[in-house]
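*Asks:* This structure is in structure tokens; I'll ask about it shortly.
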Amino acid sequence: MQFLLAFLVVAPLLGAAAALLPAPPGLKGKSPGQAVLRHGVTVTGAVLLAAVVLAFGFDHDQPSRMQATTDISWIKALDVRIHLGVDGISLPLLVLTALLSFLCALYSYFKPPAGPSPKAFVALLLVLESGTLATFAVLDLLLFFLAFEMVLIPMYFLIARWGGEGRQAAAWKFILFTLLGSVVMLLGFLLIGLKAGTFDMVALATDNGRGLSTSLQVIAVLAIGVGLAVKTPMWPLHSWLPDAHTAAPTVGSVLLAGVLLKMGTYGFVRIALPVAPDGMRVFAPYLAAFAVAGIIYGSLACLALALPSTGRRTSSGGSAPPYPTGANGDLKRLIAYSSVGHMGFVLLGIATMTPTGVNGALFANIAHGLITGLLFFLVGALKDRCGTADLDTLAGATGAALYGRAPRLGGLLAFGAVASLGLPGLAGFWGEMLAMFGAFQPAPGLSRPAFLTYMAVAGFGTLLTAAYLLVVVRRVCMGAAPAGDQPRLADVQAYEFAAWTPLVVLTVLAGLWPAVLLGLTDPAVQQLLAGGKS
């Protein structure tokens with residue numbers, strides 16, 4: 001077990017280095033590019049297999065206990081240790097990261113990205129996977145910061161070199177926002193670590209803030225929260241996300257939404273809640289307010305993008321639109337804004353500081369990774385077939401009419417939409433419901449009337465979510481197939497079926513048997529909120 005967790009973190013890095021080497025003659029296949037893409041599938045497949053073995057070997061009777069731990073002294077002067085471990089909170093995120101990385105590598109093997117050398121693409125993909133896995137596995141504040149920052153460079157280059165229109169500006173906006181937030185977060189980590197005398201996250205969580213004054217906790221949570229909120233992203237620090245998603249290649253969008261956004265909310269649960277509970281209690285009402293503002297804002301932005309262009313402001317209609325010219329009604333941009341709303345539910349659950357709310361937040365994290373990853377895959381496939389992801393073009397005179405022209409693709413898009421709007425029986429329902437249940441009865445010391453108001457606003461946000469997603473399904477999937485000799489769109493291909501089926505199956509299973517995931521997270525959350533006491 002100990003070896004498996006270390007292998008999860010290190011193997012993608014070694015695979016990235018190997019990807020840059022010349023392929024042996026016997027493994028080149030049809031071309032060196034194909035060989036390196038196959039190498040990416042092999043490495044991410046091995047990491048996924050290790051993650052599955054780790055999950056089956058995990059002691060499910062004690063999910064609150066750190067397992068598969070490695071603890072080696074690294075910088076003695078600062079008491080910084082290479083400390084790795086996994087519990088019921090981090091295990092689902094590790095498996096989700098390994099799964100989405102493998103599916104992205106598999107998708108890229110059959111549909112190579114248009115752009116520079118495949119060697120660099122595969123190497124960046126593997127470095128990104130390693131950094132994300134490390135973020136969920138490390139138990140030292142400074143190592144967490146290093147892993148948190150490790151993903152920035154590969155994602156920057158994936159957007160800037162393999163992205164679409166506006167990729168350079170989007171990549172710069174992404175890295176500047178996240179770097180500035182991370183600098184402030186590092187100051188919070190240093191403040192806690194130097195004052196407490198340790199950077200070990202387990203020791204700090206066990207102490208539960210007893211060695212830190214309330215004023216210091218408030219300052220630390222403010223600093224750490226800014227960095228985590230940018231990565232989440234929390235409204236109004238979200239503006240880098242729609243541009244990054246619109247410009248990113250398909251697999252970049254899948255990984256950005258599926259795993260990178262989870263790093264911020266994971267940091268709130270793993271660090272802010274147990275290490276500085278008094279500081280979190282001060283900021284919890286404000287965090288909840290920003291969360292529900294993000295839910296409403298993201299839903300309204302999506303509704304504006306989903307409606308026909310006559311219902312939206314355009315550059316010729318007077319005031320400037322809140323999105324770049326050429327992005328009006330872009331489906332990728334719409335799904336990006338939907339992530340702002342969905343992550344608002346995650347933040348609302350965390351802000352309640354209750355086991356119910358935090359469990360809902362962790363469940364919503366996993367559900368969002370599965371469902372939004374599937375949606376970005378589907379929109380990428382639709383854009384490849386139609387040459388555009390613009391809703392007005394897709395729903396114009398020719399119409400996408402996916403139910404008639406590509407019924408399997410249309411059915412999957414409709415499935416992703418109803419899963420995203422929180423249909424009962426699918427994964428998206430439980431996280432949002434539990435987050436609102438947590439707001440109904442927040443932790444002692446928090447204003448119940450305020451959180452009841454937040455719950456009501458969030459509930460209204462679910463109605464807006466259903467509205468814009470159903471509009472998207474109606475405009476893209478429904479309608480008469482074009483008359484004449486216009487060919488049918490290519491339906492779901494075998495490699496797409498292989499890449500998307502696991503996400504569909506897990507979305508259904510998590511919706512029908514939520515106790516499997518909640519059974520992992522709940523004991524760990526209970527212990528975390530209790531300050532590490534069993």
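Chain labels follow the order of the structure tokens: the first chain is A, the next B, and so on; residue numbering restarts at 1 in every chain, and ligands are counted from 1 in their shown order.
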Which residues, written as a VMD selection string, have at least one atom at most 12 Å from Leu49 of chain A, with only C-alpha atoms counted and residues fewer than 5 positions away on the same chain left out?

*Replies:* chain A and resid 4 to 5 7 to 8 11 41 to 44 54 to 56 94 to 95 98 to 99 102

*Asks:* Could you write out the selected residues, including all heavy atoms, as a short mmCIF file (atom, residue, chain, number, x, y, z; two decimals), in the first residue's frame?

*Replies:*
```
data_model
loop_
_atom_site.label_atom_id
_atom_site.label_comp_id
_atom_site.auth_asym_id
_atom_site.auth_seq_id
_atom_site.Cartn_x
_atom_site.Cartn_y
_atom_site.Cartn_z
N LEU A 4 2.34 1.72 -3.34
CA LEU A 4 1.36 2.08 -4.36
C LEU A 4 1.11 3.58 -4.40
O LEU A 4 1.04 4.19 -5.47
CB LEU A 4 0.04 1.34 -4.12
CG LEU A 4 -0.05 -0.09 -4.60
CD1 LEU A 4 -1.38 -0.71 -4.20
CD2 LEU A 4 0.12 -0.16 -6.12
N LEU A 5 0.96 4.20 -3.22
CA LEU A 5 0.70 5.64 -3.19
C LEU A 5 1.90 6.42 -3.72
O LEU A 5 1.73 7.39 -4.49
CB LEU A 5 0.36 6.07 -1.77
CG LEU A 5 -0.11 7.53 -1.62
CD1 LEU A 5 -1.33 7.81 -2.48
CD2 LEU A 5 -0.41 7.86 -0.16
N PHE A 7 4.04 5.28 -5.84
CA PHE A 7 4.05 5.00 -7.27
C PHE A 7 3.08 5.91 -8.02
O PHE A 7 3.40 6.41 -9.11
CB PHE A 7 3.69 3.53 -7.51
CG PHE A 7 3.56 3.15 -8.96
CD1 PHE A 7 4.69 2.86 -9.72
CD2 PHE A 7 2.31 3.10 -9.58
CE1 PHE A 7 4.57 2.53 -11.07
CE2 PHE A 7 2.18 2.77 -10.91
CZ PHE A 7 3.32 2.48 -11.66
N LEU A 8 1.89 6.14 -7.44
CA LEU A 8 0.91 7.01 -8.08
C LEU A 8 1.48 8.39 -8.36
O LEU A 8 1.23 8.99 -9.40
CB LEU A 8 -0.32 7.15 -7.18
CG LEU A 8 -1.35 6.03 -7.15
CD1 LEU A 8 -2.46 6.36 -6.18
CD2 LEU A 8 -1.91 5.78 -8.53
N ALA A 11 5.25 7.82 -10.72
CA ALA A 11 5.21 7.16 -12.03
C ALA A 11 4.90 8.11 -13.18
O ALA A 11 5.57 8.05 -14.23
CB ALA A 11 4.21 6.00 -12.01
N VAL A 41 -0.88 6.41 -22.94
CA VAL A 41 -1.96 5.51 -22.55
C VAL A 41 -1.43 4.45 -21.58
O VAL A 41 -2.07 4.11 -20.57
CB VAL A 41 -2.59 4.84 -23.78
CG1 VAL A 41 -3.64 3.81 -23.37
CG2 VAL A 41 -3.21 5.88 -24.70
N THR A 42 -0.24 3.93 -21.86
CA THR A 42 0.35 2.88 -21.02
C THR A 42 0.63 3.38 -19.61
O THR A 42 0.29 2.73 -18.62
CB THR A 42 1.65 2.36 -21.66
OG1 THR A 42 1.37 1.88 -22.98
CG2 THR A 42 2.24 1.23 -20.84
N VAL A 43 1.25 4.56 -19.52
CA VAL A 43 1.61 5.09 -18.20
C VAL A 43 0.36 5.44 -17.40
O VAL A 43 0.23 5.06 -16.22
CB VAL A 43 2.53 6.31 -18.34
CG1 VAL A 43 2.79 6.95 -16.97
CG2 VAL A 43 3.85 5.92 -18.99
N THR A 44 -0.57 6.16 -18.01
CA THR A 44 -1.79 6.53 -17.27
C THR A 44 -2.62 5.29 -16.95
O THR A 44 -3.29 5.26 -15.90
CB THR A 44 -2.64 7.52 -18.09
OG1 THR A 44 -2.91 6.97 -19.39
CG2 THR A 44 -1.92 8.86 -18.25
N LEU A 54 -5.12 0.27 -4.99
CA LEU A 54 -5.06 1.01 -3.73
C LEU A 54 -6.45 1.13 -3.11
O LEU A 54 -6.63 0.97 -1.90
CB LEU A 54 -4.47 2.41 -3.97
CG LEU A 54 -4.36 3.33 -2.76
CD1 LEU A 54 -3.34 2.81 -1.76
CD2 LEU A 54 -3.99 4.75 -3.20
N ALA A 55 -7.46 1.38 -3.96
CA ALA A 55 -8.83 1.51 -3.46
C ALA A 55 -9.34 0.19 -2.89
O ALA A 55 -10.00 0.17 -1.84
CB ALA A 55 -9.74 2.00 -4.58
N PHE A 56 -9.03 -0.92 -3.57
CA PHE A 56 -9.49 -2.21 -3.07
C PHE A 56 -8.71 -2.65 -1.83
O PHE A 56 -9.23 -3.35 -0.97
CB PHE A 56 -9.37 -3.27 -4.17
CG PHE A 56 -10.53 -3.27 -5.12
CD1 PHE A 56 -10.40 -2.73 -6.39
CD2 PHE A 56 -11.75 -3.79 -4.75
CE1 PHE A 56 -11.47 -2.72 -7.27
CE2 PHE A 56 -12.84 -3.79 -5.61
CZ PHE A 56 -12.70 -3.24 -6.88
N LEU A 94 -8.19 10.76 -5.76
CA LEU A 94 -7.06 10.10 -6.40
C LEU A 94 -7.55 9.20 -7.54
O LEU A 94 -6.98 9.21 -8.64
CB LEU A 94 -6.27 9.29 -5.38
CG LEU A 94 -5.43 10.07 -4.37
CD1 LEU A 94 -4.94 9.15 -3.26
CD2 LEU A 94 -4.25 10.75 -5.05
N VAL A 95 -8.58 8.42 -7.28
CA VAL A 95 -9.11 7.51 -8.30
C VAL A 95 -9.71 8.31 -9.46
O VAL A 95 -9.51 7.98 -10.64
CB VAL A 95 -10.15 6.56 -7.70
CG1 VAL A 95 -10.78 5.69 -8.78
CG2 VAL A 95 -9.51 5.68 -6.63
N ALA A 98 -6.83 9.69 -11.62
CA ALA A 98 -6.22 8.63 -12.42
C ALA A 98 -7.13 8.21 -13.57
O ALA A 98 -6.68 7.97 -14.70
CB ALA A 98 -5.88 7.43 -11.54
N LEU A 99 -8.44 8.13 -13.30
CA LEU A 99 -9.39 7.72 -14.34
C LEU A 99 -9.47 8.75 -15.46
O LEU A 99 -9.36 8.41 -16.65
CB LEU A 99 -10.77 7.52 -13.72
CG LEU A 99 -11.92 7.24 -14.70
CD1 LEU A 99 -11.69 5.91 -15.42
CD2 LEU A 99 -13.27 7.26 -14.00
N PHE A 102 -6.33 8.83 -17.63
CA PHE A 102 -6.27 7.70 -18.56
C PHE A 102 -7.24 7.88 -19.73
O PHE A 102 -6.88 7.65 -20.89
CB PHE A 102 -6.59 6.40 -17.81
CG PHE A 102 -6.77 5.22 -18.72
CD1 PHE A 102 -5.69 4.66 -19.39
CD2 PHE A 102 -8.04 4.68 -18.94
CE1 PHE A 102 -5.85 3.57 -20.24
CE2 PHE A 102 -8.21 3.59 -19.78
CZ PHE A 102 -7.12 3.04 -20.44
#
```

*Asks:* Enumerate the residues of segment 67-309 of chain A with a DSSP assignment of alpha helix (DSSP H), computed from the backbone, and present them as a PyMOL selection string.

*Replies:* chain A and resi 90-110+118-137+141-150+152-162+167-196+201-207+214-231+240-247+250-255+261-267+273-275+277-306

*Asks:* Gly267 of chain A: which residues within 12 Å, counting only C-alpha atoms, same-chain residues fewer than 5 positions away excluded, as a PyMOL selection string?

*Replies:* chain A and resi 89-90+135-141+144-145+147-148+185+189+201+221+224-232+260-262+272-275+347+350+362

*Asks:* Of the candidates A:Val379, A:Ala510, A:Leu348, A:Ala490, which shows the shortest atom-to-atom distance to Ala427 of chain A, using only C-alpha atoms?

*Replies:*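 That would be A:Ala510, the residue with the smallest distance to Ala427 of chain A.
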
*Asks:* At most 10 Å is the cut-off: for each residue in segment 197-260 of chain A with any atom that close to an atom of segment 119-129 of chain A, write down the nearest atom pair and the distance in Å rounded to one decimal, counting only C-alpha atoms, chain first then increasing number, as a tab-separated table.

*Replies:*
```
residue	atom	partner	partner_atom	distance
A:Val251	CA	A:Leu125	CA	9.2
A:Gly252	CA	A:Leu125	CA	8.7
A:Leu255	CA	A:Leu128	CA	8.9
A:Leu256	CA	A:Leu128	CA	9.9
A:Val259	CA	A:Glu129	CA	9.2
A:Leu260	CA	A:Leu128	CA	9.2
```

*Asks:* Quick one: residues within 10 Å of Thr453 of chain A, only C-alpha atoms counted, chain neighbours fewer than 6 positions away excluded, as a PyMOL selection string?

*Replies:* chain A and resi 289+292+439-440+459

*Asks:* Would you mind telling me which residue in A:Trp235, A:Phe110, A:Trp74, A:Tyr454 lies nearest to Gly40 of chain A when using only C-alpha atoms?

*Replies:*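 Of A:Trp235, A:Phe110, A:Trp74, A:Tyr454, the one nearest Gly40 of chain A is A:Phe110, counting only C-alpha atoms.
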
*Asks:* With only C-alpha atoms as the atoms that count, which of A:Gln217, A:Thr265, A:Thr246, A:Ser73 lies nearest to Asp278 of chain A?

*Replies:*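 Counting only C-alpha atoms, the residue closest to Asp278 of chain A is A:Gln217.
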
*Asks:* Write out as a ChimeraX atom specification the residues lying within 12 Å of Leu413 of chain A, counting only C-alpha atoms and excluding same-chain residues fewer than 2 positions away.

*Replies:* /A:331,371-382,401-403,406-411,415-420,469-470,472-478,492,500,504
